[in-house]
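S.K.: Please see the structure below; I have some questions.
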Amino acid sequence: MRWALVKVCLAVTAMVVVAFAVPLGLVVQEMASDRAFSNAERQAATIGPTLSITTDPTQLSKAVESTQMGAARRMAVHVPAIGDSPPVGIGEGRAGERAVAETRRMGRATTAKVSGGGSALLQPTALGSGDIAVVEIFVPESEVSNGVATAWLVLAGVGLALIVGSVAVADRLGARLVRPAERLADAAHQLGEGRLGARVPEAGPKELRSAAVAFNAMADQVVELLANERELAADLSHRLRTPLTVLRLNTASLGDGPAAEQTRAAVEQLEREVDTIIRTAREQRPATGLVGAGAGCDASEVIRDRMDFWSALAEDEGREVRLAGVDRTVRIPVARPELAAALDAMLGNVFRHTPEGTPFAVDVHDAGDAVIVLVSDAGPGISDPDAALRRGNDGGRDGSTGLGLDIVRRVAESTGGDVRLGRSVLGGTEVRVWIGLDGRSAGGPGGGRPGRGRRGNRRNRGRATP
């Protein structure tokens, strides 16, 4: 589109230049010729008074030589025979007898081509005797075309400047039209690849601005629809996983017998089916990029809400729960559903992989450039922290999707933070989640304390994976 616009502008400008420059050049050329012959007519008129007085060759020769053209040997006078006097020719005649006789017969000025180049102006002049003499002025070709070459060069330069200028303007105009279209196409490709944070600047011509507004509205709608879908998946895990965990734990009190075994098998089968649904929903979640400025949630409020949900099960299992650091607002750049899913994953691991009655704690610390969320328990700990953080690694156990800590890790890494596994002060596992507030969290890229997490990992090798 850009080059097509440049080509069209180039063709139109070239035609306009030719349409105006060529006629103007021809006019200049005609004006130069008229100027040369008008000057020759004036020079021929200077000898007229002398011819009206005398036709004496000596007097005429002196008069011719006294003129500018005569001194330059460009004037000749042709006097016809008068009475018994023979014809008189003064100066160097170039036009020929036939042209002189034709001018005398017609009685008006004529021009004739001269062999060797140039032209001759033949001006008839009346004599006192009533006869007609002819004054010949030689006009060289250089005088006829004087200034014409310069005029053509000037016209060519102006035309070329107009063409170059029009091409430059067309290129800039084409760029102004094409760039918004290219940005729109690039954003559409990004959106098709699953990068839902792609947006188009609403700039450019009116039509492209309208297209950009429509695209951004569509992208926002897609993000909203997918967010609703993820919330439904998270709600499914909240609504089903915990009751299933309670059912699985309660089946232990049914004793032995066919009915009890069938009940336990049905609960395990249902739990596996729910895990499959949750795993599928999580794996199909597209990457959306970082949360924009001003978005996010209050970590303390979300943690209090989720702890209210899990407290009933903790009370049933006789678990002591400690909650700290959630009495003040702590804003983090993570969407509420994402943080809730990460907390449920960590708390679900505590209930799933530690015995009943095992205490646990949730702590929130504001470190300035990062927020640290600690989930610790007094269980058996983790044997292989690296394997526990690998996506889809469930250790071959039923009732586990293998995505719990991977969900937590992805939430932390989306802010520039990370997840660290170590030994808690309660004696069991500690999951330390670093959530960056400005993209430079202590645990993220460029952070100042990555070694602490690595030492924790080395210290805790040899424990069971949640």
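Each chain in the structure tokens gets a letter, A, B and so on, in the order shown; residues start at 1 in every chain, and ligands are counted from 1 in the order they appear.
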Please identify which residues in segment 316-402 of chain A DSSP calls alpha helix (DSSP H) from the backbone, and express them as JSON, numbers by chain.
M.R.: {"A": [316, 336, 337, 338, 339, 340, 341, 342, 343, 344, 345, 346, 347, 348, 349, 350, 351, 352, 353, 385, 386, 387, 388]}
S.K.: Those residues you just picked out, can you put them in a file as an mmCIF file, in the first residue's frame with N, CA and C atoms?
M.R.:
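Ended up saving to result_23.cif:
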data_model
loop_
_atom_site.group_PDB
_atom_site.id
_atom_site.type_symbol
_atom_site.label_atom_id
_atom_site.label_comp_id
_atom_site.auth_asym_id
_atom_site.auth_seq_id
_atom_site.Cartn_x
_atom_site.Cartn_y
_atom_site.Cartn_z
ATOM 1 N N ASP A 316 -12.312 -29.652 61.601
ATOM 2 C CA ASP A 316 -12.738 -31.048 61.611
ATOM 3 C C ASP A 316 -11.561 -31.988 61.815
ATOM 4 N N ARG A 336 -6.975 -11.378 41.579
ATOM 5 C CA ARG A 336 -7.534 -12.093 42.727
ATOM 6 C C ARG A 336 -7.743 -13.580 42.436
ATOM 7 N N PRO A 337 -8.339 -13.972 41.284
ATOM 8 C CA PRO A 337 -8.513 -15.416 41.038
ATOM 9 C C PRO A 337 -7.196 -16.172 40.994
ATOM 10 N N GLU A 338 -6.133 -15.537 40.458
ATOM 11 C CA GLU A 338 -4.843 -16.209 40.376
ATOM 12 C C GLU A 338 -4.252 -16.451 41.771
ATOM 13 N N LEU A 339 -4.308 -15.426 42.619
ATOM 14 C CA LEU A 339 -3.778 -15.593 43.981
ATOM 15 C C LEU A 339 -4.606 -16.612 44.751
ATOM 16 N N ALA A 340 -5.935 -16.583 44.584
ATOM 17 C CA ALA A 340 -6.786 -17.553 45.290
ATOM 18 C C ALA A 340 -6.461 -18.973 44.848
ATOM 19 N N ALA A 341 -6.230 -19.184 43.539
ATOM 20 C CA ALA A 341 -5.889 -20.520 43.052
ATOM 21 C C ALA A 341 -4.548 -20.979 43.620
ATOM 22 N N ALA A 342 -3.569 -20.062 43.694
ATOM 23 C CA ALA A 342 -2.260 -20.425 44.246
ATOM 24 C C ALA A 342 -2.373 -20.791 45.728
ATOM 25 N N LEU A 343 -3.134 -20.010 46.506
ATOM 26 C CA LEU A 343 -3.310 -20.316 47.928
ATOM 27 C C LEU A 343 -4.013 -21.655 48.121
ATOM 28 N N ASP A 344 -5.055 -21.918 47.319
ATOM 29 C CA ASP A 344 -5.755 -23.197 47.443
ATOM 30 C C ASP A 344 -4.844 -24.363 47.107
ATOM 31 N N ALA A 345 -3.931 -24.142 46.120
ATOM 32 C CA ALA A 345 -2.996 -25.215 45.782
ATOM 33 C C ALA A 345 -2.075 -25.517 46.959
ATOM 34 N N MET A 346 -1.538 -24.477 47.605
ATOM 35 C CA MET A 346 -0.621 -24.698 48.730
ATOM 36 C C MET A 346 -1.348 -25.278 49.934
ATOM 37 N N LEU A 347 -2.523 -24.742 50.251
ATOM 38 C CA LEU A 347 -3.260 -25.257 51.416
ATOM 39 C C LEU A 347 -3.785 -26.658 51.153
ATOM 40 N N GLY A 348 -4.184 -26.936 49.898
ATOM 41 C CA GLY A 348 -4.621 -28.279 49.567
ATOM 42 C C GLY A 348 -3.525 -29.297 49.761
ATOM 43 N N ASN A 349 -2.270 -28.921 49.433
ATOM 44 C CA ASN A 349 -1.139 -29.824 49.665
ATOM 45 C C ASN A 349 -0.971 -30.127 51.151
ATOM 46 N N VAL A 350 -1.187 -29.087 51.983
ATOM 47 C CA VAL A 350 -1.041 -29.307 53.434
ATOM 48 C C VAL A 350 -2.051 -30.349 53.911
ATOM 49 N N PHE A 351 -3.295 -30.196 53.511
ATOM 50 C CA PHE A 351 -4.323 -31.129 53.967
ATOM 51 C C PHE A 351 -4.151 -32.512 53.334
ATOM 52 N N ARG A 352 -3.633 -32.532 52.100
ATOM 53 C CA ARG A 352 -3.558 -33.800 51.381
ATOM 54 C C ARG A 352 -2.348 -34.634 51.808
ATOM 55 N N HIS A 353 -1.250 -33.987 52.139
ATOM 56 C CA HIS A 353 0.003 -34.725 52.323
ATOM 57 C C HIS A 353 0.569 -34.637 53.734
ATOM 58 N N PRO A 385 12.758 -31.070 46.328
ATOM 59 C CA PRO A 385 12.117 -29.792 45.988
ATOM 60 C C PRO A 385 12.080 -29.517 44.494
ATOM 61 N N ASP A 386 13.162 -29.860 43.772
ATOM 62 C CA ASP A 386 13.195 -29.603 42.327
ATOM 63 C C ASP A 386 12.076 -30.353 41.610
ATOM 64 N N ALA A 387 11.880 -31.618 41.972
ATOM 65 C CA ALA A 387 10.829 -32.410 41.340
ATOM 66 C C ALA A 387 9.454 -31.874 41.718
ATOM 67 N N ALA A 388 9.309 -31.365 42.949
ATOM 68 C CA ALA A 388 8.013 -30.857 43.389
ATOM 69 C C ALA A 388 7.576 -29.638 42.589
#
S.K.: Could you pull the residues within 7 Å of Pro180 of chain A, counting only C-alpha atoms, minus those fewer than 6 positions along the same chain, as an mmCIF file with N, CA and C atoms, in the first residue's frame?
M.R.:
data_model
loop_
_atom_site.group_PDB
_atom_site.id
_atom_site.type_symbol
_atom_site.label_atom_id
_atom_site.label_comp_id
_atom_site.auth_asym_id
_atom_site.auth_seq_id
_atom_site.Cartn_x
_atom_site.Cartn_y
_atom_site.Cartn_z
ATOM 1 N N ALA A 203 -4.358 5.385 17.216
ATOM 2 C CA ALA A 203 -3.772 6.519 16.503
ATOM 3 C C ALA A 203 -3.879 6.274 15.012
ATOM 4 N N GLY A 204 -3.656 7.360 14.230
ATOM 5 C CA GLY A 204 -3.701 7.247 12.782
ATOM 6 C C GLY A 204 -4.967 7.853 12.210
ATOM 7 N N LEU A 208 -8.730 3.902 10.713
ATOM 8 C CA LEU A 208 -7.851 2.979 11.438
ATOM 9 C C LEU A 208 -7.991 3.152 12.949
#
S.K.: Residues near Gly165 of chain A, anyone? I mean within 10 Å using only C-alpha atoms, not counting same-chain ones fewer than 5 positions away, as a list in words.
M.R.: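 Residues near the query, excluding close chain neighbours: Leu10, Thr13, Gly159, Leu160, Ala170 and Asp171 of chain A.
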S.K.: Please produce, as a tab-separated table, a per-residue contact table for segment 140-197 of chain A versus segment 3-6 of chain A (criterion: any atom at most 9 Å away, only C-alpha atoms considered), showing the nearest atom pair and its distance in Å to one decimal, sorted by chain then residue number.
M.R.:
residue	atom	partner	partner_atom	distance
A:Ser166	CA	A:Val6	CA	8.4
A:Val167	CA	A:Val6	CA	5.7
A:Ala168	CA	A:Val6	CA	8.2
A:Val169	CA	A:Val6	CA	8.6
A:Ala170	CA	A:Val6	CA	5.3
A:Asp171	CA	A:Val6	CA	5.8
A:Leu173	CA	A:Leu5	CA	8.6
A:Gly174	CA	A:Leu5	CA	6.4
S.K.: Between atom CA of Ala126 of chain A and atom CA of Arg35 of chain A, what is the spacing in Å?
M.R.: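 Value for the atom CA of Arg35 of chain A-atom CA of Ala126 of chain A distance: 24.7 Å.
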S.K.: To one decimal in Å, tell me the separation between atom CA of Leu24 of chain A and atom CA of Glu143 of chain A.
M.R.: 19.4 Å
S.K.: Do you know which residues are at most 10 Å from segment 114-118 of chain A counting only C-alpha atoms, after dropping those on the same chain fewer than 5 positions away, and could you put them as a PDB file with N, CA and C atoms, in the first residue's frame?
M.R.:
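Saved result, selection28.pdb, follows:
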ATOM      1  N   ARG A  94      23.571  37.650 -47.180  1.00  0.00           N
ATOM      2  CA  ARG A  94      23.564  36.201 -46.957  1.00  0.00           C
ATOM      3  C   ARG A  94      22.255  35.539 -47.394  1.00  0.00           C
ATOM      4  N   ALA A  95      21.237  36.337 -47.613  1.00  0.00           N
ATOM      5  CA  ALA A  95      19.923  35.751 -47.877  1.00  0.00           C
ATOM      6  C   ALA A  95      19.753  35.297 -49.313  1.00  0.00           C
ATOM      7  N   GLY A  96      20.434  35.873 -50.258  1.00  0.00           N
ATOM      8  CA  GLY A  96      20.270  35.480 -51.659  1.00  0.00           C
ATOM      9  C   GLY A  96      19.331  36.414 -52.403  1.00  0.00           C
ATOM     10  N   PHE A 138      21.541  40.010 -40.290  1.00  0.00           N
ATOM     11  CA  PHE A 138      21.843  38.605 -40.005  1.00  0.00           C
ATOM     12  C   PHE A 138      21.633  38.339 -38.497  1.00  0.00           C
ATOM     13  N   VAL A 139      20.844  37.324 -38.212  1.00  0.00           N
ATOM     14  CA  VAL A 139      20.565  36.921 -36.822  1.00  0.00           C
ATOM     15  C   VAL A 139      21.157  35.523 -36.614  1.00  0.00           C
ATOM     16  N   PRO A 140      22.268  35.387 -35.865  1.00  0.00           N
ATOM     17  CA  PRO A 140      22.874  34.064 -35.658  1.00  0.00           C
ATOM     18  C   PRO A 140      21.984  33.178 -34.762  1.00  0.00           C
ATOM     19  N   GLU A 141      22.198  31.874 -34.864  1.00  0.00           N
ATOM     20  CA  GLU A 141      21.397  30.907 -34.097  1.00  0.00           C
ATOM     21  C   GLU A 141      21.580  31.088 -32.602  1.00  0.00           C
ATOM     22  N   SER A 142      22.770  31.471 -32.188  1.00  0.00           N
ATOM     23  CA  SER A 142      23.020  31.655 -30.756  1.00  0.00           C
ATOM     24  C   SER A 142      22.158  32.764 -30.159  1.00  0.00           C
ATOM     25  N   GLU A 143      21.859  33.799 -30.979  1.00  0.00           N
ATOM     26  CA  GLU A 143      21.022  34.884 -30.482  1.00  0.00           C
ATOM     27  C   GLU A 143      19.557  34.470 -30.439  1.00  0.00           C
ATOM     28  N   VAL A 144      19.146  33.634 -31.406  1.00  0.00           N
ATOM     29  CA  VAL A 144      17.759  33.166 -31.406  1.00  0.00           C
ATOM     30  C   VAL A 144      17.481  32.291 -30.187  1.00  0.00           C
TER      31      VAL A 144
END
S.K.: Which parts of segment 114-341 of chain A does DSSP call strand (DSSP E or B) when run on the backbone here, written out as an mmCIF file with all heavy atoms, in the first residue's frame?
M.R.:
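This is the output file states38.cif:
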data_model
loop_
_atom_site.group_PDB
_atom_site.id
_atom_site.type_symbol
_atom_site.label_atom_id
_atom_site.label_comp_id
_atom_site.auth_asym_id
_atom_site.auth_seq_id
_atom_site.Cartn_x
_atom_site.Cartn_y
_atom_site.Cartn_z
ATOM 1 N N SER A 119 19.685 32.982 -39.325
ATOM 2 C CA SER A 119 18.586 33.485 -40.147
ATOM 3 C C SER A 119 18.891 34.921 -40.541
ATOM 4 O O SER A 119 19.743 35.596 -39.942
ATOM 5 C CB SER A 119 17.261 33.429 -39.381
ATOM 6 O OG SER A 119 16.969 32.108 -38.975
ATOM 7 N N ALA A 120 18.190 35.390 -41.565
ATOM 8 C CA ALA A 120 18.344 36.768 -42.030
ATOM 9 C C ALA A 120 16.992 37.432 -42.007
ATOM 10 O O ALA A 120 16.003 36.886 -42.504
ATOM 11 C CB ALA A 120 18.941 36.803 -43.412
ATOM 12 N N LEU A 121 16.915 38.623 -41.408
ATOM 13 C CA LEU A 121 15.709 39.432 -41.428
ATOM 14 C C LEU A 121 15.805 40.387 -42.610
ATOM 15 O O LEU A 121 16.763 41.165 -42.723
ATOM 16 C CB LEU A 121 15.558 40.206 -40.120
ATOM 17 C CG LEU A 121 14.418 41.227 -40.103
ATOM 18 C CD1 LEU A 121 13.076 40.516 -40.111
ATOM 19 C CD2 LEU A 121 14.549 42.162 -38.909
ATOM 20 N N LEU A 122 14.826 40.387 -43.497
ATOM 21 C CA LEU A 122 14.782 41.245 -44.673
ATOM 22 C C LEU A 122 13.692 42.279 -44.458
ATOM 23 O O LEU A 122 12.501 41.941 -44.412
ATOM 24 C CB LEU A 122 14.522 40.413 -45.925
ATOM 25 C CG LEU A 122 15.571 39.316 -46.213
ATOM 26 C CD1 LEU A 122 15.139 38.447 -47.378
ATOM 27 C CD2 LEU A 122 16.939 39.916 -46.458
ATOM 28 N N GLN A 123 14.102 43.550 -44.306
ATOM 29 C CA GLN A 123 13.186 44.629 -43.983
ATOM 30 C C GLN A 123 13.098 45.581 -45.186
ATOM 31 O O GLN A 123 14.079 46.219 -45.549
ATOM 32 C CB GLN A 123 13.676 45.399 -42.762
ATOM 33 C CG GLN A 123 12.823 46.589 -42.383
ATOM 34 C CD GLN A 123 11.487 46.157 -41.810
ATOM 35 O OE1 GLN A 123 11.434 45.259 -40.995
ATOM 36 N NE2 GLN A 123 10.421 46.782 -42.269
ATOM 37 N N PRO A 124 11.918 45.698 -45.860
ATOM 38 C CA PRO A 124 11.794 46.643 -46.980
ATOM 39 C C PRO A 124 11.725 48.090 -46.475
ATOM 40 O O PRO A 124 11.101 48.373 -45.445
ATOM 41 C CB PRO A 124 10.495 46.210 -47.642
ATOM 42 C CG PRO A 124 9.697 45.583 -46.559
ATOM 43 C CD PRO A 124 10.690 44.933 -45.640
ATOM 44 N N THR A 125 12.392 48.989 -47.211
ATOM 45 C CA THR A 125 12.423 50.415 -46.855
ATOM 46 C C THR A 125 12.182 51.234 -48.118
ATOM 47 O O THR A 125 12.845 51.007 -49.148
ATOM 48 C CB THR A 125 13.772 50.795 -46.226
ATOM 49 O OG1 THR A 125 14.010 49.970 -45.085
ATOM 50 C CG2 THR A 125 13.793 52.250 -45.806
ATOM 51 N N ALA A 126 11.274 52.200 -48.066
ATOM 52 C CA ALA A 126 10.941 53.029 -49.229
ATOM 53 C C ALA A 126 12.024 54.082 -49.456
ATOM 54 O O ALA A 126 12.538 54.690 -48.511
ATOM 55 C CB ALA A 126 9.583 53.682 -49.018
ATOM 56 N N ILE A 132 11.896 50.516 -53.680
ATOM 57 C CA ILE A 132 12.013 49.867 -52.362
ATOM 58 C C ILE A 132 13.382 49.213 -52.243
ATOM 59 O O ILE A 132 13.775 48.394 -53.081
ATOM 60 C CB ILE A 132 10.921 48.820 -52.152
ATOM 61 C CG1 ILE A 132 9.545 49.495 -52.134
ATOM 62 C CG2 ILE A 132 11.148 48.052 -50.843
ATOM 63 C CD1 ILE A 132 8.406 48.528 -51.989
ATOM 64 N N ALA A 133 14.124 49.606 -51.225
ATOM 65 C CA ALA A 133 15.390 48.953 -50.888
ATOM 66 C C ALA A 133 15.112 47.937 -49.787
ATOM 67 O O ALA A 133 14.141 48.042 -49.022
ATOM 68 C CB ALA A 133 16.404 49.981 -50.443
ATOM 69 N N VAL A 134 15.966 46.980 -49.687
ATOM 70 C CA VAL A 134 15.818 45.922 -48.683
ATOM 71 C C VAL A 134 17.039 45.949 -47.764
ATOM 72 O O VAL A 134 18.181 45.851 -48.241
ATOM 73 C CB VAL A 134 15.667 44.532 -49.325
ATOM 74 C CG1 VAL A 134 15.607 43.461 -48.241
ATOM 75 C CG2 VAL A 134 14.418 44.485 -50.191
ATOM 76 N N VAL A 135 16.760 46.065 -46.441
ATOM 77 C CA VAL A 135 17.832 46.035 -45.441
ATOM 78 C C VAL A 135 17.887 44.621 -44.863
ATOM 79 O O VAL A 135 16.868 44.112 -44.365
ATOM 80 C CB VAL A 135 17.608 47.077 -44.334
ATOM 81 C CG1 VAL A 135 18.725 47.008 -43.307
ATOM 82 C CG2 VAL A 135 17.497 48.485 -44.923
ATOM 83 N N GLU A 136 19.013 44.018 -44.926
ATOM 84 C CA GLU A 136 19.198 42.645 -44.439
ATOM 85 C C GLU A 136 19.998 42.664 -43.129
ATOM 86 O O GLU A 136 21.081 43.241 -43.062
ATOM 87 C CB GLU A 136 19.919 41.806 -45.479
ATOM 88 C CG GLU A 136 20.201 40.388 -45.019
ATOM 89 C CD GLU A 136 21.042 39.592 -46.021
ATOM 90 O OE1 GLU A 136 21.045 39.969 -47.224
ATOM 91 O OE2 GLU A 136 21.701 38.616 -45.592
ATOM 92 N N ILE A 137 19.420 42.026 -42.064
ATOM 93 C CA ILE A 137 20.094 41.884 -40.761
ATOM 94 C C ILE A 137 20.295 40.392 -40.512
ATOM 95 O O ILE A 137 19.326 39.617 -40.487
ATOM 96 C CB ILE A 137 19.298 42.511 -39.626
ATOM 97 C CG1 ILE A 137 19.021 44.002 -39.911
ATOM 98 C CG2 ILE A 137 20.031 42.327 -38.294
ATOM 99 C CD1 ILE A 137 20.267 44.851 -39.936
ATOM 100 N N PHE A 138 21.541 40.010 -40.290
ATOM 101 C CA PHE A 138 21.843 38.605 -40.005
ATOM 102 C C PHE A 138 21.633 38.339 -38.497
ATOM 103 O O PHE A 138 22.165 39.064 -37.649
ATOM 104 C CB PHE A 138 23.279 38.289 -40.418
ATOM 105 C CG PHE A 138 23.719 36.899 -40.022
ATOM 106 C CD1 PHE A 138 23.121 35.774 -40.564
ATOM 107 C CD2 PHE A 138 24.745 36.715 -39.090
ATOM 108 C CE1 PHE A 138 23.524 34.504 -40.201
ATOM 109 C CE2 PHE A 138 25.145 35.446 -38.720
ATOM 110 C CZ PHE A 138 24.539 34.341 -39.278
ATOM 111 N N VAL A 139 20.844 37.324 -38.212
ATOM 112 C CA VAL A 139 20.565 36.921 -36.822
ATOM 113 C C VAL A 139 21.157 35.523 -36.614
ATOM 114 O O VAL A 139 20.589 34.528 -37.101
ATOM 115 C CB VAL A 139 19.055 36.905 -36.528
ATOM 116 C CG1 VAL A 139 18.811 36.524 -35.064
ATOM 117 C CG2 VAL A 139 18.423 38.250 -36.843
ATOM 118 N N CYS A 297 -4.699 -7.068 43.488
ATOM 119 C CA CYS A 297 -5.643 -7.319 44.582
ATOM 120 C C CYS A 297 -4.940 -7.078 45.901
ATOM 121 O O CYS A 297 -3.727 -6.845 45.966
ATOM 122 C CB CYS A 297 -6.160 -8.759 44.499
ATOM 123 S SG CYS A 297 -4.872 -10.009 44.793
ATOM 124 N N ASP A 298 -5.727 -7.143 46.961
ATOM 125 C CA ASP A 298 -5.202 -7.044 48.330
ATOM 126 C C ASP A 298 -4.917 -8.466 48.807
ATOM 127 O O ASP A 298 -5.847 -9.258 49.015
ATOM 128 C CB ASP A 298 -6.227 -6.349 49.222
ATOM 129 C CG ASP A 298 -5.769 -6.255 50.669
ATOM 130 O OD1 ASP A 298 -4.603 -6.609 50.944
ATOM 131 O OD2 ASP A 298 -6.583 -5.843 51.513
ATOM 132 N N VAL A 321 -4.222 -23.630 63.409
ATOM 133 C CA VAL A 321 -3.903 -22.711 62.310
ATOM 134 C C VAL A 321 -3.424 -21.389 62.880
ATOM 135 O O VAL A 321 -4.043 -20.837 63.808
ATOM 136 C CB VAL A 321 -5.135 -22.476 61.407
ATOM 137 C CG1 VAL A 321 -4.778 -21.539 60.260
ATOM 138 C CG2 VAL A 321 -5.673 -23.794 60.883
ATOM 139 N N ARG A 322 -2.298 -20.892 62.335
ATOM 140 C CA ARG A 322 -1.787 -19.572 62.731
ATOM 141 C C ARG A 322 -1.758 -18.679 61.493
ATOM 142 O O ARG A 322 -1.235 -19.059 60.451
ATOM 143 C CB ARG A 322 -0.389 -19.681 63.331
ATOM 144 C CG ARG A 322 0.176 -18.327 63.792
ATOM 145 C CD ARG A 322 1.532 -18.504 64.467
ATOM 146 N NE ARG A 322 2.523 -19.037 63.541
ATOM 147 C CZ ARG A 322 3.220 -18.277 62.702
ATOM 148 N NH1 ARG A 322 3.035 -16.975 62.676
ATOM 149 N NH2 ARG A 322 4.115 -18.840 61.903
ATOM 150 N N LEU A 323 -2.329 -17.480 61.641
ATOM 151 C CA LEU A 323 -2.404 -16.526 60.535
ATOM 152 C C LEU A 323 -1.764 -15.228 60.998
ATOM 153 O O LEU A 323 -2.121 -14.690 62.045
ATOM 154 C CB LEU A 323 -3.873 -16.306 60.156
ATOM 155 C CG LEU A 323 -4.166 -15.614 58.828
ATOM 156 C CD1 LEU A 323 -3.593 -16.410 57.659
ATOM 157 C CD2 LEU A 323 -5.676 -15.436 58.647
ATOM 158 N N ALA A 324 -0.792 -14.705 60.223
ATOM 159 C CA ALA A 324 -0.064 -13.498 60.639
ATOM 160 C C ALA A 324 0.144 -12.583 59.427
ATOM 161 O O ALA A 324 0.285 -13.047 58.293
ATOM 162 C CB ALA A 324 1.290 -13.873 61.250
ATOM 163 N N ARG A 331 -1.144 -4.594 48.753
ATOM 164 C CA ARG A 331 -1.477 -4.663 47.338
ATOM 165 C C ARG A 331 -0.379 -5.378 46.566
ATOM 166 O O ARG A 331 0.808 -5.112 46.766
ATOM 167 C CB ARG A 331 -1.641 -3.262 46.747
ATOM 168 C CG ARG A 331 -2.765 -2.451 47.343
ATOM 169 C CD ARG A 331 -4.129 -2.976 46.986
ATOM 170 N NE ARG A 331 -4.332 -3.073 45.540
ATOM 171 C CZ ARG A 331 -5.441 -3.501 44.976
ATOM 172 N NH1 ARG A 331 -6.457 -3.891 45.754
ATOM 173 N NH2 ARG A 331 -5.571 -3.553 43.667
ATOM 174 N N ILE A 332 -0.769 -6.291 45.692
ATOM 175 C CA ILE A 332 0.185 -7.013 44.845
ATOM 176 C C ILE A 332 -0.339 -7.012 43.398
ATOM 177 O O ILE A 332 -1.547 -6.953 43.169
ATOM 178 C CB ILE A 332 0.397 -8.464 45.324
ATOM 179 C CG1 ILE A 332 -0.931 -9.229 45.310
ATOM 180 C CG2 ILE A 332 1.035 -8.483 46.697
ATOM 181 C CD1 ILE A 332 -0.773 -10.709 45.629
#
S.K.: In Å, rounded to a single decimal, give me how far atom CA of Ile163 of chain A is from atom CA of Ala32 of chain A.
M.R.: 27.6 Å
S.K.: Which of these residues is nearest to Val148 of chain A, using only C-alpha atoms: A:Val27, A:Thr110, A:Pro57, A:Leu437?
M.R.: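 The closest residue to Val148 of chain A is A:Val27.
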S.K.: Which residues are near Ile47 of chain A? Cut-off 12 Å, only C-alpha atoms, ignore same chain within fewer than 4 positions. Put them as a ChimeraX atom specification.
M.R.: /A:40-43,51-55,59-70,75-78,90,123-127,133-137
S.K.: Could you name the residues that touch Gly325 of chain A at 9 Å or less, counting only C-alpha atoms, but leaving out those on the same chain fewer than 5 positions away, as a JSON list (two decimals) with N, CA, C and O atoms, in the first residue's frame?
M.R.:
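Written file, out_14.json:
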[["chain", "number", "residue", "atom", "x", "y", "z"],
["A", 300, "SER", "N", -3.85, -9.58, 51.64],
["A", 300, "SER", "CA", -4.37, -9.89, 52.97],
["A", 300, "SER", "C", -5.84, -10.27, 52.91],
["A", 300, "SER", "O", -6.28, -11.24, 53.55],
["A", 362, "VAL", "N", 0.10, -19.50, 57.95],
["A", 362, "VAL", "CA", 0.19, -18.65, 56.75],
["A", 362, "VAL", "C", 0.63, -17.27, 57.21],
["A", 362, "VAL", "O", -0.02, -16.67, 58.08],
["A", 363, "ASP", "N", 1.75, -16.77, 56.65],
["A", 363, "ASP", "CA", 2.30, -15.47, 57.03],
["A", 363, "ASP", "C", 2.47, -14.61, 55.79],
["A", 363, "ASP", "O", 2.82, -15.10, 54.70],
["A", 364, "VAL", "N", 2.27, -13.30, 55.97],
["A", 364, "VAL", "CA", 2.46, -12.33, 54.89],
["A", 364, "VAL", "C", 3.45, -11.28, 55.38],
["A", 364, "VAL", "O", 3.27, -10.71, 56.46],
["A", 365, "HIS", "N", 4.49, -11.01, 54.57],
["A", 365, "HIS", "CA", 5.50, -10.00, 54.91],
["A", 365, "HIS", "C", 5.65, -9.05, 53.73],
["A", 365, "HIS", "O", 5.73, -9.48, 52.58],
["A", 366, "ASP", "N", 5.68, -7.75, 54.03],
["A", 366, "ASP", "CA", 5.92, -6.72, 53.01],
["A", 366, "ASP", "C", 7.39, -6.33, 53.06],
["A", 366, "ASP", "O", 7.83, -5.69, 54.02]]
S.K.: For each of A:Lys113, A:Lys7, A:Arg432, A:Arg74, take the minimum atom-to-atom distance to Arg409 of chain A, counting only C-alpha atoms, then give the residue where this is smallest.
M.R.: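 The closest residue to Arg409 of chain A is A:Arg432.
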S.K.: So which one's closest to Val433 of chain A, A:Gln190, A:Arg410, A:Asp308, A:Asp418? Using only C-alpha atoms, please.
M.R.: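 That would be A:Asp418, the residue with the smallest distance to Val433 of chain A.
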S.K.: Between A:Ala188, A:Cys9, A:Ala81, A:Val326, which one has atoms that come closest to Glu301 of chain A, using only C-alpha atoms?
M.R.: A:Val326
S.K.: Enumerate, in order of chain and increasing residue number, the residues of segment 139-197 of chain A with an atom no farther than 8 Å from segment 215-233 of chain A, each with its shortest atom pair and distance in Å to one decimal, counting only C-alpha atoms, as a tab-separated table.
M.R.:
residue	atom	partner	partner_atom	distance
A:Leu184	CA	A:Phe215	CA	7.9
A:Leu191	CA	A:Ala219	CA	7.6
A:Leu196	CA	A:Val223	CA	6.4
